[in-house]
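Pasting my_file-v3.csv here (CSV, C-alpha atoms):
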```
chain,number,residue,atom,x,y,z
Q,1,MET,CA,0.0,0.0,0.0
Q,2,LYS,CA,2.8,2.4,0.8
Q,3,SER,CA,4.4,1.9,-2.6
Q,4,ILE,CA,1.1,2.5,-4.3
Q,5,TYR,CA,0.6,5.7,-2.3
Q,6,LEU,CA,4.1,6.9,-3.2
Q,7,SER,CA,3.4,6.2,-6.8
Q,8,LYS,CA,0.2,8.3,-6.7
Q,9,GLN,CA,2.1,11.1,-5.1
Q,10,MET,CA,4.8,11.0,-7.7
Q,11,ILE,CA,2.1,11.0,-10.5
Q,12,LYS,CA,0.4,14.1,-8.9
Q,13,GLN,CA,3.7,15.9,-8.6
Q,14,THR,CA,4.6,15.1,-12.2
Q,15,LEU,CA,1.2,16.4,-13.4
Q,16,VAL,CA,1.6,19.6,-11.4
Q,17,TRP,CA,5.1,20.3,-12.7
Q,18,THR,CA,4.0,19.6,-16.3
Q,19,ALA,CA,1.1,22.0,-16.0
Q,20,LEU,CA,3.4,24.7,-14.6
Q,21,THR,CA,5.9,24.2,-17.3
Q,22,VAL,CA,3.3,24.4,-20.1
Q,23,GLY,CA,1.9,27.6,-18.4
Q,24,VAL,CA,5.2,29.3,-18.3
Q,25,MET,CA,6.0,28.4,-21.9
Q,26,SER,CA,2.7,29.6,-23.1
Q,27,CYS,CA,3.6,33.1,-21.9
Q,28,HIS,CA,6.1,33.4,-24.7
Q,29,ASP,CA,5.4,33.4,-28.4
Q,30,ASN,CA,8.4,31.2,-29.0
Q,31,VAL,CA,10.4,30.2,-26.0
Q,32,LEU,CA,13.3,29.2,-28.2
Q,33,ASP,CA,13.4,32.4,-30.2
Q,34,LEU,CA,15.2,34.7,-27.8
Q,35,THR,CA,17.5,37.6,-28.6
Q,36,PRO,CA,21.0,37.0,-27.2
Q,37,LYS,CA,21.9,39.2,-24.2
Q,38,ASN,CA,25.2,40.0,-25.7
Q,39,SER,CA,23.8,41.5,-28.9
Q,40,ILE,CA,21.9,44.8,-29.0
Q,41,SER,CA,20.9,47.2,-31.7
Q,42,GLN,CA,22.4,50.6,-32.3
Q,43,GLU,CA,19.1,52.2,-31.3
Q,44,THR,CA,19.1,50.4,-28.0
Q,45,ALA,CA,22.8,51.1,-27.2
Q,46,PHE,CA,22.1,54.9,-27.5
Q,47,ALA,CA,18.5,54.9,-26.2
Q,48,THR,CA,19.0,56.7,-22.8
Q,49,PRO,CA,21.4,59.2,-21.3
Q,50,GLU,CA,22.8,56.4,-19.0
Q,51,LYS,CA,23.5,54.1,-22.0
Q,52,ILE,CA,25.2,56.9,-23.9
Q,53,LYS,CA,27.4,57.8,-20.9
Q,54,ALA,CA,28.3,54.1,-20.6
Q,55,GLN,CA,29.4,54.2,-24.3
Q,56,VAL,CA,31.7,57.1,-23.5
Q,57,ASN,CA,33.1,55.4,-20.4
Q,58,GLY,CA,33.7,52.3,-22.6
Q,59,LEU,CA,36.1,54.3,-24.8
Q,60,TYR,CA,38.5,54.6,-21.8
Q,61,GLY,CA,38.1,50.9,-21.1
Q,62,LEU,CA,39.2,50.2,-24.7
Q,63,LEU,CA,42.1,52.7,-24.4
Q,64,SER,CA,43.3,50.9,-21.3
Q,65,ALA,CA,43.0,47.4,-22.7
Q,66,ASP,CA,45.8,44.9,-22.1
Q,67,SER,CA,47.0,45.2,-25.7
Q,68,PHE,CA,47.0,49.0,-25.7
Q,69,TYR,CA,47.7,51.4,-22.9
Q,70,GLY,CA,47.0,48.8,-20.3
Q,71,GLY,CA,50.3,46.9,-21.2
Q,72,ARG,CA,51.5,45.7,-24.5
Q,73,TYR,CA,51.7,49.0,-26.4
Q,74,LEU,CA,53.8,50.5,-23.7
Q,75,ILE,CA,56.0,47.5,-23.2
Q,76,PHE,CA,56.6,46.9,-26.9
Q,77,ASN,CA,57.7,50.5,-27.4
Q,78,GLU,CA,60.0,50.3,-24.4
Q,79,GLN,CA,61.6,47.2,-26.0
Q,80,ARG,CA,62.5,49.2,-29.1
Q,81,GLY,CA,64.8,51.4,-27.0
Q,82,ASN,CA,68.4,51.0,-25.9
Q,83,GLU,CA,67.8,50.4,-22.2
Q,84,PHE,CA,65.8,47.2,-22.4
Q,85,SER,CA,67.0,43.6,-22.3
Q,86,GLN,CA,64.9,40.6,-23.2
Q,87,ASN,CA,65.6,37.4,-21.4
Q,88,ASP,CA,63.2,35.0,-23.1
Q,89,GLY,CA,62.1,34.1,-26.6
Q,90,ASN,CA,58.4,34.5,-26.1
Q,91,ASN,CA,56.9,36.7,-28.9
Q,92,SER,CA,53.8,37.4,-26.8
Q,93,THR,CA,56.1,39.2,-24.4
Q,94,GLY,CA,57.8,41.0,-27.2
Q,95,ALA,CA,60.9,39.0,-28.0
Q,96,ASN,CA,60.5,39.7,-31.8
Q,97,VAL,CA,60.1,43.4,-31.0
Q,98,TRP,CA,63.4,43.4,-29.0
Q,99,ASN,CA,65.4,41.5,-31.6
Q,100,GLN,CA,63.8,43.4,-34.5
Q,101,SER,CA,62.3,40.3,-36.2
Q,102,ILE,CA,58.7,41.5,-36.5
Q,103,THR,CA,56.3,39.3,-38.4
Q,104,GLY,CA,52.7,39.7,-39.4
Q,105,SER,CA,51.6,37.0,-36.9
Q,106,GLY,CA,53.2,38.6,-33.8
Q,107,ASP,CA,51.3,40.4,-31.1
Q,108,PHE,CA,53.1,43.7,-31.9
Q,109,VAL,CA,51.1,43.7,-35.1
Q,110,ASN,CA,47.9,41.9,-34.3
Q,111,ALA,CA,47.3,42.8,-30.7
Q,112,VAL,CA,48.3,46.5,-30.6
Q,113,TRP,CA,47.1,47.4,-34.1
Q,114,SER,CA,43.8,45.7,-33.5
Q,115,ALA,CA,43.3,47.2,-30.1
Q,116,ALA,CA,44.0,50.7,-31.4
Q,117,TYR,CA,41.6,50.4,-34.3
Q,118,ARG,CA,38.9,48.9,-32.1
Q,119,THR,CA,39.2,52.0,-29.9
Q,120,ILE,CA,39.1,54.3,-33.0
Q,121,ASN,CA,36.0,52.5,-34.4
Q,122,SER,CA,34.2,52.8,-31.1
Q,123,ALA,CA,35.0,56.5,-31.0
Q,124,ASN,CA,33.7,56.9,-34.6
Q,125,ILE,CA,30.5,55.0,-33.8
Q,126,LEU,CA,29.9,57.3,-30.8
Q,127,ILE,CA,30.5,60.5,-32.8
Q,128,ASP,CA,28.2,59.2,-35.6
Q,129,ASN,CA,25.4,58.5,-33.3
Q,130,LEU,CA,25.6,61.6,-31.1
Q,131,GLN,CA,25.6,64.0,-34.1
Q,132,THR,CA,22.0,63.2,-34.7
Q,133,SER,CA,20.9,62.2,-31.2
Q,134,THR,CA,18.4,64.2,-29.2
Q,135,ILE,CA,18.7,62.0,-26.1
Q,136,VAL,CA,21.2,64.3,-24.3
Q,137,ASP,CA,21.3,68.1,-24.2
Q,138,ASP,CA,23.7,70.0,-26.6
Q,139,VAL,CA,26.2,70.8,-23.9
Q,140,THR,CA,26.6,67.1,-22.8
Q,141,LYS,CA,26.6,66.0,-26.5
Q,142,LYS,CA,29.5,68.4,-27.3
Q,143,GLN,CA,31.4,67.1,-24.2
Q,144,TYR,CA,31.0,63.5,-25.2
Q,145,ILE,CA,32.0,64.1,-28.8
Q,146,SER,CA,35.0,66.0,-27.6
Q,147,GLU,CA,36.1,63.1,-25.4
Q,148,ALA,CA,35.6,60.7,-28.4
Q,149,LYS,CA,37.8,62.9,-30.6
Q,150,PHE,CA,40.5,63.1,-28.0
Q,151,VAL,CA,40.5,59.3,-27.6
Q,152,ARG,CA,40.6,58.9,-31.4
Q,153,ALA,CA,43.5,61.4,-31.7
Q,154,LEU,CA,45.5,59.7,-29.0
Q,155,SER,CA,44.9,56.3,-30.6
Q,156,TYR,CA,46.1,57.6,-34.0
Q,157,PHE,CA,49.1,59.3,-32.5
Q,158,SER,CA,50.1,56.0,-30.9
Q,159,LEU,CA,49.7,54.2,-34.2
Q,160,VAL,CA,51.5,56.7,-36.4
Q,161,GLN,CA,54.4,56.9,-33.9
Q,162,THR,CA,54.7,53.2,-33.8
Q,163,TYR,CA,54.1,51.9,-37.3
Q,164,ALA,CA,54.9,54.8,-39.7
Q,165,LYS,CA,58.0,56.7,-40.7
Q,166,PRO,CA,58.9,59.8,-38.6
Q,167,PHE,CA,57.3,63.0,-40.0
Q,168,ALA,CA,60.7,64.6,-40.3
Q,169,GLN,CA,62.1,61.7,-42.4
Q,170,SER,CA,59.2,61.6,-44.8
Q,171,SER,CA,55.8,63.3,-44.3
Q,172,THR,CA,54.5,62.0,-47.6
Q,173,ALA,CA,55.2,58.3,-46.8
Q,174,PRO,CA,52.3,56.0,-46.2
Q,175,GLY,CA,51.0,56.5,-42.7
Q,176,LEU,CA,47.8,54.7,-41.7
Q,177,PRO,CA,44.4,53.9,-43.0
Q,178,LEU,CA,42.5,57.0,-41.7
Q,179,ARG,CA,39.1,55.7,-40.6
Q,180,LEU,CA,36.7,58.5,-39.5
Q,181,LYS,CA,33.4,56.8,-39.8
Q,182,GLY,CA,32.2,53.9,-37.7
Q,183,GLU,CA,32.2,50.4,-39.1
Q,184,ILE,CA,29.2,48.3,-38.0
Q,185,ALA,CA,29.5,45.6,-40.6
Q,186,GLY,CA,32.2,43.6,-42.4
Q,187,GLY,CA,34.1,44.8,-45.4
Q,188,ASN,CA,36.0,48.0,-46.2
Q,189,ASN,CA,39.2,46.3,-45.3
Q,190,ASP,CA,41.1,47.7,-48.3
Q,191,LEU,CA,41.1,51.3,-47.3
Q,192,ALA,CA,44.1,53.1,-48.8
Q,193,PHE,CA,46.8,54.4,-46.4
Q,194,SER,CA,46.8,58.2,-45.8
Q,195,SER,CA,50.2,59.9,-45.7
Q,196,VAL,CA,52.0,60.6,-42.4
Q,197,ALA,CA,51.2,64.3,-42.8
Q,198,GLU,CA,47.5,63.6,-43.4
Q,199,VAL,CA,47.4,61.5,-40.2
Q,200,TYR,CA,49.0,64.2,-38.1
Q,201,ASP,CA,46.6,66.8,-39.7
Q,202,GLN,CA,43.7,64.7,-38.5
Q,203,ILE,CA,45.2,64.3,-35.0
Q,204,LEU,CA,45.6,68.1,-34.7
Q,205,LYS,CA,42.1,68.7,-36.0
Q,206,ASP,CA,40.6,66.3,-33.5
Q,207,LEU,CA,42.5,67.9,-30.6
Q,208,ASP,CA,41.7,71.4,-31.6
Q,209,GLU,CA,38.0,70.6,-31.9
Q,210,ALA,CA,38.0,68.7,-28.6
Q,211,GLU,CA,39.7,71.7,-26.8
Q,212,THR,CA,37.2,74.1,-28.3
Q,213,ASP,CA,34.1,72.1,-27.1
```
Show the structure stored in the file as structure tokens.
Amino acid sequence: MKSIYLSKQMIKQTLVWTALTVGVMSCHDNVLDLTPKNSISQETAFATPEKIKAQVNGLYGLLSADSFYGGRYLIFNEQRGNEFSQNDGNNSTGANVWNQSITGSGDFVNAVWSAAYRTINSANILIDNLQTSTIVDDVTKKQYISEAKFVRALSYFSLVQTYAKPFAQSSTAPGLPLRLKGEIAGGNNDLAFSSVAEVYDQILKDLDEAETD
């Protein structure tokens, strides 16, 4: 009798849980068709003053990333000087930077270059969206755009100092791909290099406008 009673209890519990599950699932049009939490639209990302401010703060997070001003960029440039000694052969810690054997697969190219352009692109996206936004007042909008231009200028300065010829040596030499619009999709990877002089002109333009606003 005890086993029969337990079986009835288990059946009742199963029926109750089944009913609850069906009830919860019926609240959704399609319980399996959910938008990933790590993917939001441009409109959502700039929908409130708080979200816009978070985008601005995010620029400084990108600037201080491990591969940029948070570590690798600074270390790799120190390793190019005369007062640095490398005691291991690990290219992730800059061995190929120190012994001047840079390749396209090393962190000096992939990590630093990518981190800088990721920061630049985020600054561009912020500028693009704020220019037409009515979510924040004009004073705040100018301040945020100024911060984005400063971050973009600093990133380009870091890149042109690291990867291009010195201005005094050849201002007309290829400098960097000068990206001034946000990229939100793939493609546009064959952008021509601007000259060293053109890159510095853009850096000064960004800094002058940032200071004014």
Students should find that CA of Thr212 (chain Q) and CA of Lys142 (chain Q) are spaced 9.6 Å
### Query
Within 9 Å of Tyr200 (chain Q), counting all atoms listed in the file, which residues qualify if same-chain residues fewer than 4 places away don't, as JSON, numbers by chain?
{"Q": [153, 156, 157, 160, 167, 195, 196, 204, 205]}
Just want the 9 Å neighbourhood of region 126-138 of chain Q, counted on all atoms listed in the file, with same-chain residues fewer than 6 positions away dropped. Output as a PyMOL selection string.
chain Q and resi 42+46-49+52+55-56+144-146+148-149+181-182
With distances taken over all atoms listed in the file, the candidate from Q:Ala197, Q:Leu62, Q:Ala168, Q:Leu159 nearest Val109 (chain Q) is Q:Leu159
Q.
With distances taken over only C-alpha atoms, which residue among Q:Ser64, Q:Gln143, Q:Thr162, Q:Ser171 lies nearest Arg118 (chain Q)?
A.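 Answer, going by the shortest atom-to-atom distance: Q:Ser64.
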Of Q:Ile75, Q:Ile40, Q:Val199, Q:Ala95, the one nearest to Ala173 (chain Q) when counting all atoms listed in the file is Q:Val199
**Q.** Two-atom distance - CA of Asn57 (chain Q), CA of Leu191 (chain Q) (Å)
**A.**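 Here the two named atoms are 28.4 Å from each other.
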Between Q:Val139, Q:Ile120, Q:Leu154, Q:Ala210, smallest distance to Leu178 (chain Q) by only C-alpha atoms belongs to Q:Ile120
Students should find that CA of Gly71 (chain Q) and CA of Glu50 (chain Q) are spaced 29.2 Å
- Point (42.4, 55.1, -26.6), cut-off 8 Å, counting only C-alpha atoms, residues as a list in words: Leu59, Tyr60, Leu62, Leu63, Ser64, Phe68, Tyr69, Ala116, Thr119, Ile120, Val151, Arg152, Leu154 and Ser155 of chain Q
